[in-house]
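Presented below is the structure to which this report refers.
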Amino acid sequence: MLSTVSRIARPTAAPVSKAVQARNMATLKEVQQRLKSVQNIEKITKSMKMIASTKVTKAQRSMEAARVFGAASQSLFTSAETKSADDAKSLFVAASSDGGLCGGVHSSVSKATRREVLAAPESDLVIIGDKPKAQLSRAVRKNIAISFNQIGKSVPSFEEACSVADVIAESGLEYDNAKIVYNKFNSVISYEADVITSFSEAAFKASPNFSVYEIEDDVLANLQEFSFANGLYWAMVEGHAAEVCAKRAAMENATKNAGEMISKLTMTYNRGRQAVITNELIDIITGASAL
């Protein structure tokens, strides 16, 4: 009885193993479809790399101009020896964008902003860009006061920076100093998170060397708004230059990886095709020898 059961059970094991083997092996058609898909991805990434390369020069030229104006505003605070008090209230501005496929550009700004906000939990946070908003909402959601999007699709303009500054001023947020967190452009392959500090009208008026300038009150208010907008413009333009260079590097790496995958898939396809041809030849030869 046991021998009968064993004889019946043995044939059923072979089809199961064959089914598993067939299920785990990719057919030539599947490999060919995967190869075609990766080739299309390579074309897309190569095109995006070329587009990003054409934008780098324009972004760097705008960045150099923005740096000159930004440095002029910062030299005013430096000459006046403007400093924040120990109990000063800070406003943090995370300056980034909505664009993706650019490596860790947004993560760099988000991490630096998160460290600054956690060090001053009572401070308010303004975010420029949907990408950093999604990242910062998980850690410091209660500090977010205002967020902006659809800004800086191309090279950011001074008008956009002024509109951001106007919305912040109209919102009634009170602060002694505004710290703008952005990506500082070091080279086409390097950037790092940095901070641009802008001070309020009261903080600038309390500077030790403020009396040297002889500025009227109405002019002082306009000067503070201009310096804040100037700092925003500097941060947005320099961050845009870093983003474009990072996007070009990311698309270059993606194109390279796609090329390596195409080579491996081509080799796999050729080996499978050769195996099919060899098996067919064996069948023909075996049939001929049987005759």
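Going by the structure tokens order, chains are called A, B, ..., each with residues numbered from 1, while ligands are numbered from 1 in the order shown.
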Closest atom pairs, range 225-256 of chain A residues within 9 Å of range 101-109 of chain A, only C-alpha atoms, as JSON lines:
{"residue": "A:Gly239", "atom": "CA", "partner": "A:Val105", "partner_atom": "CA", "distance": 8.4}
{"residue": "A:Ala242", "atom": "CA", "partner": "A:Val105", "partner_atom": "CA", "distance": 7.6}
{"residue": "A:Glu243", "atom": "CA", "partner": "A:Cys102", "partner_atom": "CA", "distance": 6.2}
{"residue": "A:Val244", "atom": "CA", "partner": "A:Cys102", "partner_atom": "CA", "distance": 7.4}
{"residue": "A:Cys245", "atom": "CA", "partner": "A:Cys102", "partner_atom": "CA", "distance": 8.2}
{"residue": "A:Ala246", "atom": "CA", "partner": "A:Cys102", "partner_atom": "CA", "distance": 5.2}
{"residue": "A:Lys247", "atom": "CA", "partner": "A:Cys102", "partner_atom": "CA", "distance": 4.0}
{"residue": "A:Arg248", "atom": "CA", "partner": "A:Cys102", "partner_atom": "CA", "distance": 7.6}
{"residue": "A:Ala249", "atom": "CA", "partner": "A:Cys102", "partner_atom": "CA", "distance": 7.9}
{"residue": "A:Ala250", "atom": "CA", "partner": "A:Cys102", "partner_atom": "CA", "distance": 5.9}
{"residue": "A:Met251", "atom": "CA", "partner": "A:Leu101", "partner_atom": "CA", "distance": 7.8}
May I have the residues from that selection written out with C-alpha atoms, as a PDB file, in the first residue's frame?
ATOM      1  CA  GLY A 239      19.762  77.951  -4.842  1.00  0.00           C
ATOM      2  CA  ALA A 242      22.831  74.771  -7.391  1.00  0.00           C
ATOM      3  CA  GLU A 243      19.618  72.958  -8.343  1.00  0.00           C
ATOM      4  CA  VAL A 244      20.276  73.164 -12.090  1.00  0.00           C
ATOM      5  CA  CYS A 245      23.827  71.829 -11.684  1.00  0.00           C
ATOM      6  CA  ALA A 246      22.608  69.055  -9.389  1.00  0.00           C
ATOM      7  CA  LYS A 247      19.910  68.124 -11.914  1.00  0.00           C
ATOM      8  CA  ARG A 248      22.473  67.891 -14.686  1.00  0.00           C
ATOM      9  CA  ALA A 249      24.681  65.649 -12.534  1.00  0.00           C
ATOM     10  CA  ALA A 250      21.704  63.480 -11.555  1.00  0.00           C
ATOM     11  CA  MET A 251      20.609  63.032 -15.172  1.00  0.00           C
TER      12      MET A 251
END
Taking the backbone alone, and naming residues the way the document does, which bits of range 32-265 of chain A are helix (DSSP H, G or I) by DSSP, as a PyMOL selection string? chain A and resi 32-79+105-119+130-136+141-143+158-171+201-205+210-212+217-265
Need to verify the contact set: range 118-133 of chain A, 9 Å, only C-alpha atoms, exclusion of same-chain residues closer than 3 positions in sequence. Can you return it as a PyMOL selection string? chain A and resi 89-100+106-107+109-110+113-115+136-138+140-152+164+168+173-175+236
So which residues of range 149-193 of chain A fall under strand (DSSP E or B) by DSSP, listed as an NGL selection string? :A and (177-187 or 190-193)
Would you put the residues from that selection into a file with all heavy atoms, as a short mmCIF file (atom, residue, chain, number, x, y, z; two decimals), in the first residue's frame?
data_model
loop_
_atom_site.label_atom_id
_atom_site.label_comp_id
_atom_site.auth_asym_id
_atom_site.auth_seq_id
_atom_site.Cartn_x
_atom_site.Cartn_y
_atom_site.Cartn_z
N ASN A 177 15.16 89.05 13.73
CA ASN A 177 16.06 88.73 12.62
C ASN A 177 15.45 87.61 11.80
O ASN A 177 14.75 86.74 12.33
CB ASN A 177 17.46 88.33 13.12
CG ASN A 177 17.41 87.13 14.05
OD1 ASN A 177 17.21 86.01 13.62
ND2 ASN A 177 17.59 87.37 15.35
N ALA A 178 15.68 87.67 10.50
CA ALA A 178 15.19 86.65 9.57
C ALA A 178 16.38 85.89 9.03
O ALA A 178 17.31 86.48 8.47
CB ALA A 178 14.40 87.29 8.43
N LYS A 179 16.36 84.58 9.21
CA LYS A 179 17.45 83.72 8.73
C LYS A 179 16.96 82.93 7.53
O LYS A 179 16.07 82.09 7.64
CB LYS A 179 17.92 82.79 9.84
CG LYS A 179 18.54 83.53 11.03
CD LYS A 179 19.06 82.56 12.09
CE LYS A 179 19.71 83.32 13.23
NZ LYS A 179 20.24 82.40 14.27
N ILE A 180 17.55 83.22 6.38
CA ILE A 180 17.16 82.59 5.12
C ILE A 180 18.11 81.43 4.86
O ILE A 180 19.30 81.63 4.65
CB ILE A 180 17.20 83.61 3.97
CG1 ILE A 180 16.38 84.86 4.33
CG2 ILE A 180 16.69 82.98 2.68
CD1 ILE A 180 16.58 86.02 3.36
N VAL A 181 17.57 80.22 4.88
CA VAL A 181 18.37 79.01 4.65
C VAL A 181 18.29 78.66 3.16
O VAL A 181 17.19 78.53 2.61
CB VAL A 181 17.87 77.84 5.52
CG1 VAL A 181 18.79 76.64 5.35
CG2 VAL A 181 17.80 78.26 6.98
N TYR A 182 19.43 78.47 2.53
CA TYR A 182 19.47 78.21 1.10
C TYR A 182 20.68 77.34 0.78
O TYR A 182 21.52 77.06 1.65
CB TYR A 182 19.55 79.53 0.31
CG TYR A 182 20.90 80.21 0.42
CD1 TYR A 182 21.79 80.23 -0.66
CD2 TYR A 182 21.30 80.82 1.61
CE1 TYR A 182 23.02 80.84 -0.55
CE2 TYR A 182 22.52 81.45 1.72
CZ TYR A 182 23.39 81.45 0.64
OH TYR A 182 24.62 82.05 0.75
N ASN A 183 20.80 76.92 -0.47
CA ASN A 183 21.96 76.16 -0.93
C ASN A 183 22.98 77.10 -1.53
O ASN A 183 22.73 77.75 -2.55
CB ASN A 183 21.54 75.10 -1.97
CG ASN A 183 20.94 73.88 -1.34
OD1 ASN A 183 21.45 73.35 -0.35
ND2 ASN A 183 19.83 73.42 -1.88
N LYS A 184 24.14 77.17 -0.89
CA LYS A 184 25.22 78.01 -1.40
C LYS A 184 25.95 77.28 -2.52
O LYS A 184 26.38 76.14 -2.36
CB LYS A 184 26.20 78.35 -0.27
CG LYS A 184 27.34 79.25 -0.71
CD LYS A 184 28.28 79.53 0.47
CE LYS A 184 29.44 80.42 0.03
NZ LYS A 184 30.37 80.67 1.17
N PHE A 185 26.09 77.95 -3.65
CA PHE A 185 26.74 77.36 -4.83
C PHE A 185 28.26 77.45 -4.67
O PHE A 185 28.82 78.55 -4.60
CB PHE A 185 26.28 78.10 -6.08
CG PHE A 185 26.88 77.57 -7.36
CD1 PHE A 185 26.26 76.57 -8.07
CD2 PHE A 185 28.06 78.10 -7.85
CE1 PHE A 185 26.79 76.09 -9.25
CE2 PHE A 185 28.61 77.63 -9.03
CZ PHE A 185 27.98 76.61 -9.72
N ASN A 186 28.91 76.29 -4.60
CA ASN A 186 30.37 76.26 -4.53
C ASN A 186 31.01 76.00 -5.88
O ASN A 186 31.96 76.67 -6.27
CB ASN A 186 30.83 75.19 -3.52
CG ASN A 186 30.44 75.52 -2.09
OD1 ASN A 186 30.35 76.69 -1.71
ND2 ASN A 186 30.17 74.50 -1.29
N SER A 187 30.50 75.00 -6.58
CA SER A 187 30.97 74.68 -7.93
C SER A 187 29.84 73.92 -8.63
O SER A 187 28.78 73.70 -8.06
CB SER A 187 32.26 73.84 -7.87
OG SER A 187 32.00 72.58 -7.29
N SER A 190 29.28 70.90 -6.44
CA SER A 190 29.29 71.03 -4.99
C SER A 190 28.41 72.19 -4.55
O SER A 190 28.38 73.26 -5.17
CB SER A 190 30.73 71.27 -4.49
OG SER A 190 30.75 71.52 -3.11
N TYR A 191 27.67 71.96 -3.46
CA TYR A 191 26.86 73.00 -2.83
C TYR A 191 26.72 72.63 -1.35
O TYR A 191 26.94 71.48 -0.96
CB TYR A 191 25.47 73.10 -3.49
CG TYR A 191 24.67 71.82 -3.43
CD1 TYR A 191 23.86 71.50 -2.34
CD2 TYR A 191 24.74 70.90 -4.48
CE1 TYR A 191 23.15 70.31 -2.29
CE2 TYR A 191 24.04 69.72 -4.43
CZ TYR A 191 23.24 69.43 -3.34
OH TYR A 191 22.55 68.26 -3.28
N GLU A 192 26.35 73.61 -0.54
CA GLU A 192 26.16 73.36 0.88
C GLU A 192 25.12 74.34 1.42
O GLU A 192 24.96 75.44 0.90
CB GLU A 192 27.48 73.52 1.65
CG GLU A 192 28.09 74.91 1.55
CD GLU A 192 29.40 75.03 2.30
OE1 GLU A 192 29.73 74.07 3.03
OE2 GLU A 192 30.07 76.06 2.17
N ALA A 193 24.43 73.93 2.45
CA ALA A 193 23.41 74.78 3.06
C ALA A 193 24.08 75.92 3.82
O ALA A 193 25.06 75.71 4.54
CB ALA A 193 22.54 73.96 4.01
#
So that I can see what lies close to Ser84 in chain A, please list as a PDB file with N, CA and C atoms, in the first residue's frame the residues with an atom at most 12 Å from it, counting only C-alpha atoms and leaving out residues fewer than 2 positions away in the same chain.
ATOM      1  N   PHE A  77      24.796  95.895   7.241  1.00  0.00           N
ATOM      2  CA  PHE A  77      24.659  95.382   8.596  1.00  0.00           C
ATOM      3  C   PHE A  77      26.021  95.158   9.250  1.00  0.00           C
ATOM      4  N   GLU A  81      27.497  97.063  12.564  1.00  0.00           N
ATOM      5  CA  GLU A  81      27.703  96.107  13.660  1.00  0.00           C
ATOM      6  C   GLU A  81      26.367  95.665  14.265  1.00  0.00           C
ATOM      7  N   THR A  82      25.443  95.350  13.367  1.00  0.00           N
ATOM      8  CA  THR A  82      24.130  94.896  13.808  1.00  0.00           C
ATOM      9  C   THR A  82      24.215  93.454  14.291  1.00  0.00           C
ATOM     10  N   ASP A  86      20.228  88.258  22.757  1.00  0.00           N
ATOM     11  CA  ASP A  86      20.167  86.863  23.196  1.00  0.00           C
ATOM     12  C   ASP A  86      18.739  86.326  23.178  1.00  0.00           C
ATOM     13  N   ASP A  87      17.786  87.192  23.482  1.00  0.00           N
ATOM     14  CA  ASP A  87      16.389  86.756  23.506  1.00  0.00           C
ATOM     15  C   ASP A  87      15.631  87.175  22.240  1.00  0.00           C
ATOM     16  N   ALA A  88      16.357  87.402  21.159  1.00  0.00           N
ATOM     17  CA  ALA A  88      15.729  87.853  19.908  1.00  0.00           C
ATOM     18  C   ALA A  88      14.887  86.737  19.303  1.00  0.00           C
ATOM     19  N   LYS A  89      13.773  87.133  18.700  1.00  0.00           N
ATOM     20  CA  LYS A  89      12.897  86.171  18.034  1.00  0.00           C
ATOM     21  C   LYS A  89      13.303  86.069  16.567  1.00  0.00           C
ATOM     22  N   SER A  90      13.452  84.851  16.105  1.00  0.00           N
ATOM     23  CA  SER A  90      13.930  84.617  14.745  1.00  0.00           C
ATOM     24  C   SER A  90      12.793  84.139  13.848  1.00  0.00           C
ATOM     25  N   TYR A 175       9.412  89.516  14.160  1.00  0.00           N
ATOM     26  CA  TYR A 175      10.732  88.892  14.298  1.00  0.00           C
ATOM     27  C   TYR A 175      11.777  89.990  14.476  1.00  0.00           C
ATOM     28  N   ASP A 176      12.873  89.619  15.114  1.00  0.00           N
ATOM     29  CA  ASP A 176      14.022  90.518  15.255  1.00  0.00           C
ATOM     30  C   ASP A 176      15.056  90.271  14.171  1.00  0.00           C
ATOM     31  N   ASN A 177      15.164  89.052  13.726  1.00  0.00           N
ATOM     32  CA  ASN A 177      16.064  88.728  12.619  1.00  0.00           C
ATOM     33  C   ASN A 177      15.450  87.611  11.798  1.00  0.00           C
ATOM     34  N   ALA A 178      15.678  87.668  10.499  1.00  0.00           N
ATOM     35  CA  ALA A 178      15.188  86.646   9.572  1.00  0.00           C
ATOM     36  C   ALA A 178      16.385  85.887   9.030  1.00  0.00           C
ATOM     37  N   LYS A 179      16.362  84.577   9.206  1.00  0.00           N
ATOM     38  CA  LYS A 179      17.447  83.723   8.729  1.00  0.00           C
ATOM     39  C   LYS A 179      16.958  82.931   7.526  1.00  0.00           C
ATOM     40  N   THR A 197      21.363  86.326   6.884  1.00  0.00           N
ATOM     41  CA  THR A 197      20.629  86.951   7.987  1.00  0.00           C
ATOM     42  C   THR A 197      20.218  88.367   7.612  1.00  0.00           C
ATOM     43  N   SER A 198      18.946  88.654   7.826  1.00  0.00           N
ATOM     44  CA  SER A 198      18.413  89.995   7.634  1.00  0.00           C
ATOM     45  C   SER A 198      17.763  90.434   8.945  1.00  0.00           C
ATOM     46  N   PHE A 199      17.902  91.706   9.284  1.00  0.00           N
ATOM     47  CA  PHE A 199      17.434  92.192  10.578  1.00  0.00           C
ATOM     48  C   PHE A 199      16.210  93.077  10.418  1.00  0.00           C
ATOM     49  N   SER A 200      15.453  93.167  11.488  1.00  0.00           N
ATOM     50  CA  SER A 200      14.266  94.015  11.499  1.00  0.00           C
ATOM     51  C   SER A 200      14.665  95.480  11.645  1.00  0.00           C
ATOM     52  N   GLU A 201      13.687  96.340  11.482  1.00  0.00           N
ATOM     53  CA  GLU A 201      13.943  97.781  11.598  1.00  0.00           C
ATOM     54  C   GLU A 201      14.417  98.145  13.003  1.00  0.00           C
ATOM     55  N   ALA A 202      13.802  97.562  14.018  1.00  0.00           N
ATOM     56  CA  ALA A 202      14.198  97.862  15.402  1.00  0.00           C
ATOM     57  C   ALA A 202      15.603  97.360  15.708  1.00  0.00           C
ATOM     58  N   ALA A 203      15.931  96.179  15.209  1.00  0.00           N
ATOM     59  CA  ALA A 203      17.272  95.633  15.465  1.00  0.00           C
ATOM     60  C   ALA A 203      18.346  96.461  14.781  1.00  0.00           C
ATOM     61  N   PHE A 204      18.057  96.931  13.550  1.00  0.00           N
ATOM     62  CA  PHE A 204      19.038  97.757  12.847  1.00  0.00           C
ATOM     63  C   PHE A 204      19.200  99.123  13.526  1.00  0.00           C
ATOM     64  N   LYS A 205      18.096  99.652  14.039  1.00  0.00           N
ATOM     65  CA  LYS A 205      18.156 100.949  14.709  1.00  0.00           C
ATOM     66  C   LYS A 205      18.958 100.853  16.007  1.00  0.00           C
ATOM     67  N   ALA A 206      18.970  99.673  16.622  1.00  0.00           N
ATOM     68  CA  ALA A 206      19.725  99.491  17.868  1.00  0.00           C
ATOM     69  C   ALA A 206      21.192  99.163  17.640  1.00  0.00           C
ATOM     70  N   SER A 207      21.657  99.226  16.406  1.00  0.00           N
ATOM     71  CA  SER A 207      23.059  98.920  16.105  1.00  0.00           C
ATOM     72  C   SER A 207      23.984  99.977  16.702  1.00  0.00           C
ATOM     73  N   PRO A 208      25.186  99.597  17.125  1.00  0.00           N
ATOM     74  CA  PRO A 208      26.122 100.570  17.722  1.00  0.00           C
ATOM     75  C   PRO A 208      26.510 101.705  16.784  1.00  0.00           C
TER      76      PRO A 208
END
Excluding range 269-271 of chain A and residues on its chain fewer than 2 positions from it, collect all residues at most 8 Å away from it, counting only C-alpha atoms, and give them as number ranges by chain. A: 28, 31-32, 265-267, 273-275
Using 10 Å as the limit and counting only C-alpha atoms, can you tabulate each residue of range 105-176 of chain A that touches range 41-65 of chain A, with its shortest atom-to-atom distance in Å and the two atoms involved, as a Markdown table?
| residue | atom | partner | partner_atom | distance |
| --- | --- | --- | --- | --- |
| A:Ser154 | CA | A:Ala59 | CA | 8.9 |
| A:Val155 | CA | A:Ala59 | CA | 6.4 |
| A:Pro156 | CA | A:Ser62 | CA | 8.8 |
| A:Ser157 | CA | A:Ser62 | CA | 9.2 |
Atom pair CA of Ala221 in chain A / CA of Leu76 in chain A: separation (Å):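 We find that CA of Ala221 in chain A and CA of Leu76 in chain A lie 14.5 Å from each other.
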Excluding Cys162 in chain A and any residue of its chain fewer than 3 positions from it, enumerate the residues within 9 Å of it, using only C-alpha atoms, and give them as a PyMOL selection string. chain A and resi 157-159+165-167+225-226+228-230+232-233
Report the distance between CA of Gly172 in chain A and CA of Asp218 in chain A in Å, rounded to one decimal place.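 Those two atoms sit 18.5 Å apart.
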